[in-house]
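Structure data (TSV, C-alpha atoms and all ligand atoms) from query05.tsv:
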```
chain	number	residue	atom	x	y	z
L	1	MET	CA	-11.78	-27.84	-6.85
L	2	ASP	CA	-13.34	-25.13	-8.94
L	3	ARG	CA	-11.08	-22.28	-9.87
L	4	PHE	CA	-12.31	-19.16	-11.56
L	5	VAL	CA	-9.44	-17.32	-13.18
L	6	VAL	CA	-10.67	-14.21	-14.82
L	7	LYS	CA	-8.30	-12.61	-17.29
L	8	ARG	CA	-8.35	-8.95	-18.18
L	9	PRO	CA	-10.08	-8.82	-21.58
L	10	ALA	CA	-8.70	-6.78	-24.48
L	11	GLU	CA	-10.01	-3.26	-24.36
L	12	ASP	CA	-12.05	-1.84	-27.20
L	13	PRO	CA	-13.44	1.52	-26.16
L	14	GLY	CA	-14.54	2.76	-29.55
L	15	GLY	CA	-15.76	-0.62	-30.68
L	16	ASP	CA	-13.44	-0.35	-33.70
L	17	GLY	CA	-11.24	-3.26	-32.68
L	18	LYS	CA	-8.19	-1.04	-32.11
L	19	LYS	CA	-6.43	-1.42	-28.79
L	20	PRO	CA	-6.14	1.94	-27.03
L	21	ARG	CA	-2.77	3.31	-26.04
L	22	LEU	CA	-2.36	4.48	-22.46
L	23	GLU	CA	-2.03	8.08	-23.64
L	24	ASP	CA	-5.47	7.90	-25.26
L	25	GLU	CA	-6.99	6.96	-21.92
L	26	GLU	CA	-5.20	9.80	-20.21
L	27	GLU	CA	-6.34	12.30	-22.83
L	28	ALA	CA	-9.90	11.19	-22.17
L	29	GLY	CA	-9.44	12.10	-18.52
L	30	GLY	CA	-8.84	8.49	-17.51
L	31	LEU	CA	-12.53	7.73	-17.86
L	32	SER	CA	-12.48	5.81	-21.09
L	33	ARG	CA	-13.38	2.46	-19.56
L	34	PRO	CA	-15.55	0.51	-21.94
L	35	SER	CA	-18.41	-1.50	-20.58
L	36	VAL	CA	-16.78	-4.81	-19.76
L	37	PRO	CA	-18.94	-7.91	-19.65
L	38	SER	CA	-19.40	-9.30	-16.16
L	39	GLN	CA	-19.08	-12.90	-15.13
L	40	GLU	CA	-21.86	-14.38	-13.02
L	41	ILE	CA	-20.84	-17.01	-10.51
L	42	ARG	CA	-23.61	-19.11	-9.03
L	43	ALA	CA	-23.76	-21.99	-6.58
L	44	GLN	CA	-26.22	-23.13	-3.92
L	45	GLY	CA	-27.08	-19.95	-1.98
L	46	LEU	CA	-24.26	-18.03	-3.66
L	47	SER	CA	-24.63	-15.20	-6.13
L	48	LEU	CA	-21.58	-13.24	-7.30
L	49	GLU	CA	-20.81	-10.97	-10.19
L	50	TYR	CA	-17.21	-10.25	-11.21
L	51	ARG	CA	-15.97	-7.66	-13.67
L	52	LEU	CA	-13.24	-5.13	-14.30
L	53	LEU	CA	-14.46	-1.73	-13.19
L	54	PHE	CA	-11.45	0.48	-13.94
L	55	SER	CA	-8.94	0.56	-16.79
L	56	ARG	CA	-5.34	-0.23	-15.93
L	57	ALA	CA	-4.39	3.47	-16.06
L	58	GLU	CA	-7.30	4.51	-13.86
L	59	ALA	CA	-6.67	1.69	-11.39
L	60	ASP	CA	-2.98	2.68	-11.16
L	61	ALA	CA	-3.93	6.31	-10.44
L	62	ILE	CA	-6.52	5.33	-7.82
L	63	TYR	CA	-4.05	2.95	-6.15
L	64	GLN	CA	-1.50	5.77	-5.82
L	65	GLN	CA	-4.14	8.12	-4.45
L	66	LEU	CA	-5.33	5.55	-1.91
L	67	GLU	CA	-1.75	5.04	-0.76
L	68	LYS	CA	-1.37	8.78	-0.28
L	69	GLU	CA	-4.71	9.68	1.26
L	70	VAL	CA	-6.14	6.77	3.23
L	71	GLU	CA	-5.25	6.86	6.93
L	72	TYR	CA	-5.52	3.47	8.56
L	73	PHE	CA	-6.40	2.85	12.18
L	74	GLU	CA	-3.17	2.93	14.09
L	75	GLY	CA	-3.80	0.41	16.81
L	76	LYS	CA	-2.70	2.89	19.43
L	77	GLY	CA	-4.49	3.00	22.74
L	78	ARG	CA	-7.01	0.70	24.34
L	79	MET	CA	-9.91	1.33	21.96
L	80	PHE	CA	-8.07	0.12	18.88
L	81	GLY	CA	-6.15	-2.61	20.65
L	82	LYS	CA	-7.99	-5.15	18.51
L	83	TRP	CA	-7.08	-3.49	15.24
L	84	HIS	CA	-3.43	-3.63	16.14
L	85	GLN	CA	-3.39	-7.41	16.21
L	86	ILE	CA	-4.95	-8.06	12.84
L	87	PRO	CA	-2.62	-9.29	10.03
L	88	ARG	CA	-3.33	-6.28	7.77
L	89	LYS	CA	-4.21	-2.61	8.11
L	90	GLN	CA	-7.84	-1.55	8.26
L	91	VAL	CA	-10.04	1.54	8.41
L	92	THR	CA	-13.66	2.54	7.78
L	93	TYR	CA	-15.08	5.62	6.06
L	94	GLY	CA	-18.75	6.52	5.75
L	95	ASP	CA	-21.67	8.84	6.31
L	96	PRO	CA	-21.40	10.73	9.61
L	97	GLU	CA	-24.55	9.35	11.27
L	98	LEU	CA	-23.44	5.72	10.97
L	99	THR	CA	-21.78	3.60	13.62
L	100	TYR	CA	-20.27	0.17	13.33
L	101	THR	CA	-19.61	-2.52	15.90
L	102	TYR	CA	-16.52	-4.66	15.51
L	103	SER	CA	-15.34	-7.14	18.13
L	104	GLY	CA	-17.73	-5.56	20.61
L	105	VAL	CA	-16.39	-2.01	20.05
L	106	THR	CA	-18.70	0.61	18.51
L	107	PHE	CA	-17.13	3.47	16.60
L	108	SER	CA	-17.77	6.04	13.87
L	109	PRO	CA	-16.36	5.92	10.36
L	110	LYS	CA	-14.02	8.66	9.07
L	111	PRO	CA	-15.62	11.24	6.75
L	112	TRP	CA	-15.51	10.58	2.98
L	113	ILE	CA	-12.45	11.76	1.00
L	114	PRO	CA	-12.35	12.52	-2.77
L	115	VAL	CA	-10.73	9.27	-3.95
L	116	LEU	CA	-13.39	7.21	-2.13
L	117	ASN	CA	-16.20	9.37	-3.50
L	118	HIS	CA	-14.76	8.83	-6.97
L	119	ILE	CA	-15.03	5.04	-6.58
L	120	ARG	CA	-18.45	5.33	-4.95
L	121	ASP	CA	-19.73	7.47	-7.84
L	122	ARG	CA	-18.52	4.87	-10.33
L	123	LEU	CA	-20.32	2.14	-8.39
L	124	VAL	CA	-23.62	4.03	-8.53
L	125	LEU	CA	-23.16	4.54	-12.24
L	126	GLU	CA	-22.26	0.92	-13.00
L	127	THR	CA	-24.38	-1.01	-10.49
L	128	GLY	CA	-27.21	1.35	-9.55
L	129	HIS	CA	-26.39	0.87	-5.86
L	130	ALA	CA	-25.58	3.78	-3.53
L	131	PHE	CA	-23.30	2.74	-0.68
L	132	ASN	CA	-22.90	4.75	2.53
L	133	PHE	CA	-19.99	2.93	4.20
L	134	VAL	CA	-16.70	1.29	3.25
L	135	VAL	CA	-14.24	-1.01	5.02
L	136	ILE	CA	-10.70	-0.68	3.63
L	137	ASN	CA	-8.17	-3.45	4.15
L	138	ARG	CA	-4.50	-3.06	3.15
L	139	TYR	CA	-2.43	-6.22	2.83
L	140	LYS	CA	1.26	-5.24	2.68
L	141	ASP	CA	2.21	-8.56	1.01
L	142	GLY	CA	1.13	-12.22	0.81
L	143	GLU	CA	1.71	-12.72	4.55
L	144	ASP	CA	-1.14	-10.36	5.36
L	145	HIS	CA	-4.53	-12.02	5.12
L	146	ILE	CA	-8.13	-12.20	6.39
L	147	GLY	CA	-9.54	-15.33	7.99
L	148	GLU	CA	-12.80	-17.05	7.07
L	149	HIS	CA	-15.82	-14.97	8.05
L	150	ARG	CA	-19.20	-13.75	6.89
L	151	ASP	CA	-20.13	-10.09	6.67
L	152	ASP	CA	-23.20	-10.46	8.82
L	153	GLU	CA	-23.00	-7.34	10.98
L	154	LYS	CA	-26.36	-6.35	12.37
L	155	GLU	CA	-26.05	-2.79	11.02
L	156	LEU	CA	-26.09	-3.93	7.35
L	157	VAL	CA	-29.29	-3.22	5.42
L	158	PRO	CA	-30.96	-6.65	5.09
L	159	ARG	CA	-30.41	-8.31	1.69
L	160	SER	CA	-28.20	-5.46	0.44
L	161	PRO	CA	-25.24	-6.40	-1.78
L	162	ILE	CA	-21.60	-5.73	-0.85
L	163	ALA	CA	-19.31	-4.30	-3.55
L	164	SER	CA	-15.69	-5.42	-3.20
L	165	VAL	CA	-13.22	-3.31	-5.21
L	166	THR	CA	-9.56	-4.35	-5.45
L	167	PHE	CA	-6.34	-2.51	-6.31
L	168	GLY	CA	-2.75	-3.76	-6.37
L	169	ALA	CA	-1.64	-7.38	-6.12
L	170	CYS	CA	-3.89	-10.09	-7.53
L	171	ARG	CA	-4.76	-12.50	-4.71
L	172	ASP	CA	-6.80	-15.68	-4.31
L	173	PHE	CA	-10.18	-15.21	-2.63
L	174	VAL	CA	-12.02	-18.26	-1.33
L	175	PHE	CA	-15.67	-18.93	-0.55
L	176	ARG	CA	-16.62	-21.92	1.60
L	177	HIS	CA	-20.17	-23.10	2.31
L	178	CYS	CA	-21.12	-23.08	6.00
L	179	ASP	CA	-22.04	-26.80	5.92
L	180	SER	CA	-18.65	-27.75	4.45
L	181	ARG	CA	-16.28	-26.18	6.96
L	182	GLY	CA	-13.75	-28.07	9.06
L	183	LYS	CA	-14.23	-31.32	10.97
L	184	ASN	CA	-17.93	-30.83	11.59
L	185	ALA	CA	-18.78	-30.58	7.90
L	186	THR	CA	-22.15	-32.16	7.16
L	187	ARG	CA	-21.97	-31.81	3.38
L	188	HIS	CA	-19.36	-31.78	0.64
L	189	ILE	CA	-19.74	-28.58	-1.29
L	190	LYS	CA	-16.73	-27.47	-3.30
L	191	PRO	CA	-15.13	-24.21	-2.25
L	192	ILE	CA	-15.13	-21.47	-4.87
L	193	ARG	CA	-11.82	-19.79	-5.63
L	194	LEU	CA	-11.51	-16.50	-7.45
L	195	GLN	CA	-8.60	-14.30	-8.35
L	196	LEU	CA	-9.40	-10.66	-7.76
L	197	GLU	CA	-7.50	-8.42	-10.15
L	198	HIS	CA	-6.26	-4.82	-10.02
L	199	GLY	CA	-9.25	-2.56	-10.78
L	200	SER	CA	-11.85	-5.30	-10.38
L	201	LEU	CA	-15.30	-5.36	-8.79
L	202	LEU	CA	-16.83	-8.39	-7.09
L	203	MET	CA	-20.51	-7.95	-6.21
L	204	MET	CA	-21.51	-10.25	-3.36
L	205	LYS	CA	-25.26	-10.50	-3.55
L	206	TYR	CA	-27.91	-11.86	-1.20
L	207	PRO	CA	-27.96	-14.57	0.09
L	208	THR	CA	-24.20	-15.27	-0.36
L	209	ASN	CA	-23.33	-13.92	3.09
L	210	VAL	CA	-25.95	-16.07	4.77
L	211	TYR	CA	-24.47	-19.40	3.63
L	212	TRP	CA	-20.89	-18.79	2.51
L	213	TYR	CA	-17.79	-17.76	4.44
L	214	HIS	CA	-15.01	-15.92	2.61
L	215	SER	CA	-11.29	-15.46	3.20
L	216	LEU	CA	-8.11	-14.08	1.67
L	217	PRO	CA	-5.53	-16.77	2.46
L	218	ILE	CA	-1.78	-16.26	2.97
L	219	ARG	CA	0.17	-16.41	-0.30
L	220	ARG	CA	3.87	-16.11	0.52
L	221	ARG	CA	4.90	-15.72	-3.11
L	222	VAL	CA	2.99	-12.43	-3.36
L	223	LEU	CA	5.35	-9.56	-2.54
L	224	ALA	CA	3.26	-6.54	-3.59
L	225	PRO	CA	0.61	-4.75	-1.53
L	226	ARG	CA	-3.11	-5.09	-2.13
L	227	ILE	CA	-5.86	-2.67	-1.13
L	228	ASN	CA	-9.45	-3.89	-0.95
L	229	LEU	CA	-12.52	-1.76	-0.35
L	230	THR	CA	-15.83	-3.37	0.60
L	231	PHE	CA	-18.63	-0.86	0.07
L	232	ARG	CA	-21.73	-1.54	2.15
L	233	LYS	CA	-25.20	-0.20	2.87
L	234	MET	CA	-25.64	0.39	6.57
L	235	MET	CA	-28.75	1.37	8.47
L	236	PRO	CA	-28.54	4.75	10.15
L	237	VAL	CA	-28.47	4.65	13.95
L	238	GLY	CA	-31.97	4.63	15.40
L	239	ASN	CA	-33.43	2.95	12.30
L	240	LYS	CA	-32.65	-0.57	13.49
L	301	LIG	O1	-9.78	-8.12	1.22
L	301	LIG	C1	-10.79	-8.64	0.75
L	301	LIG	O2	-10.88	-8.97	-0.43
L	301	LIG	C2	-11.99	-8.92	1.63
L	301	LIG	C3	-12.13	-8.09	2.87
L	301	LIG	C4	-13.30	-8.56	3.68
L	301	LIG	O3	-13.78	-9.64	3.50
L	301	LIG	C5	-13.91	-7.69	4.71
L	301	LIG	O4	-13.42	-6.58	5.00
L	301	LIG	O5	-14.93	-8.10	5.28
L	302	FE	FE	-15.68	-9.84	4.47
```

Show me the file's structure as structure tokens.
Ligand SMILES: O=C(O)CCC(=O)C(=O)O
Ligand SMILES: [Fe+2]
Amino acid sequence: MDRFVVKRPAEDPGGDGKKPRLEDEEEAGGLSRPSVPSQEIRAQGLSLEYRLLFSRAEADAIYQQLEKEVEYFEGKGRMFGKWHQIPRKQVTYGDPELTYTYSGVTFSPKPWIPVLNHIRDRLVLETGHAFNFVVINRYKDGEDHIGEHRDDEKELVPRSPIASVTFGACRDFVFRHCDSRGKNATRHIKPIRLQLEHGSLLMMKYPTNVYWYHSLPIRRRVLAPRINLTFRKMMPVGNK
């Protein structure tokens, strides 16, 4: 089984070979992230790009801010009955004109807040892609998880990439080809396992979501929380 373990590389912001101290990063306003090389991951119908997007100090600060400011769907009432049962907390933020259908329920995202705009701005800068919607999942520990699925909602802009940004606990993330799932598998294609680190970005590019399912499996040894944000490009209502 392939396993991609990506280690945080040594930082070298000035290119002088000296490792920065945390205080130096803070003095620079926490924006001293050097350009970190990205790792391309390719397989049949799969195209991913993994890299560290934020320095440790920046990622720590963003994690704290997310914990303070993000309000997850509560699961109260009939409308969010579905959300209540999922093994994690979840919420969506995005541009006001957008709607999103999940388990047959259509709803509007919450309006953008500064910490999310901060991440979104960095994504534009680093990837050139402007995202108008984000799904946030909070996994309180290794018991919380997300089952195998594809992000194939009809509202997504066709062929647009999804940017997955992670903070907190490092967890395994698994991709499985649609022809190699379960008892009815028609082909043997190895699953692809990644470890998504604190402050990392995983770009899931077309046509990954056509052919590959992804999941965040249970990992009972993980005790710390993890927050993942999948930034997406959605089509405005009426433009479908
Ligand atoms: O938590 C993750 O890394 C992935 C979340 C996800 O796949 C989703 O929200 O569709
Ligand atoms: Fe997903």

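Across the structure, atom CA of L:Met235 and atom CA of L:Glu49 are spaced 23.7 Å apart.
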
Residues within 6 Å of stretch 139-141 of chain L, all atoms listed in the file, excluding chain neighbours under 2 positions, as an MDAnalysis selection string: chainID L and resid 88 143:144 222:226

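We find atom CA of L:Arg219 and atom O3 of ligand LIG 301 (chain L) to be spaced 16.0 Å apart.
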
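Nearest to ligand FE 302 (chain L) of all the residues L:Ile146, L:Leu201, L:Ile119, L:Val210 is L:Ile146, based on only C-alpha atoms and all ligand atoms.
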
Exercise answer, 10 Å around ligand LIG 301 (chain L) with all atoms listed in the file, as a PyMOL selection string: chain L and resi 88+90-92+134-139+144-153+162+164-167+171-174+195-196+202+213-217+226-232

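Distance annotation: of L:Cys178, L:Ala185, L:Ala163, L:Ile113, the residue with the minimal separation from ligand FE 302 (chain L) is L:Ala163; atom set is all atoms listed in the file.
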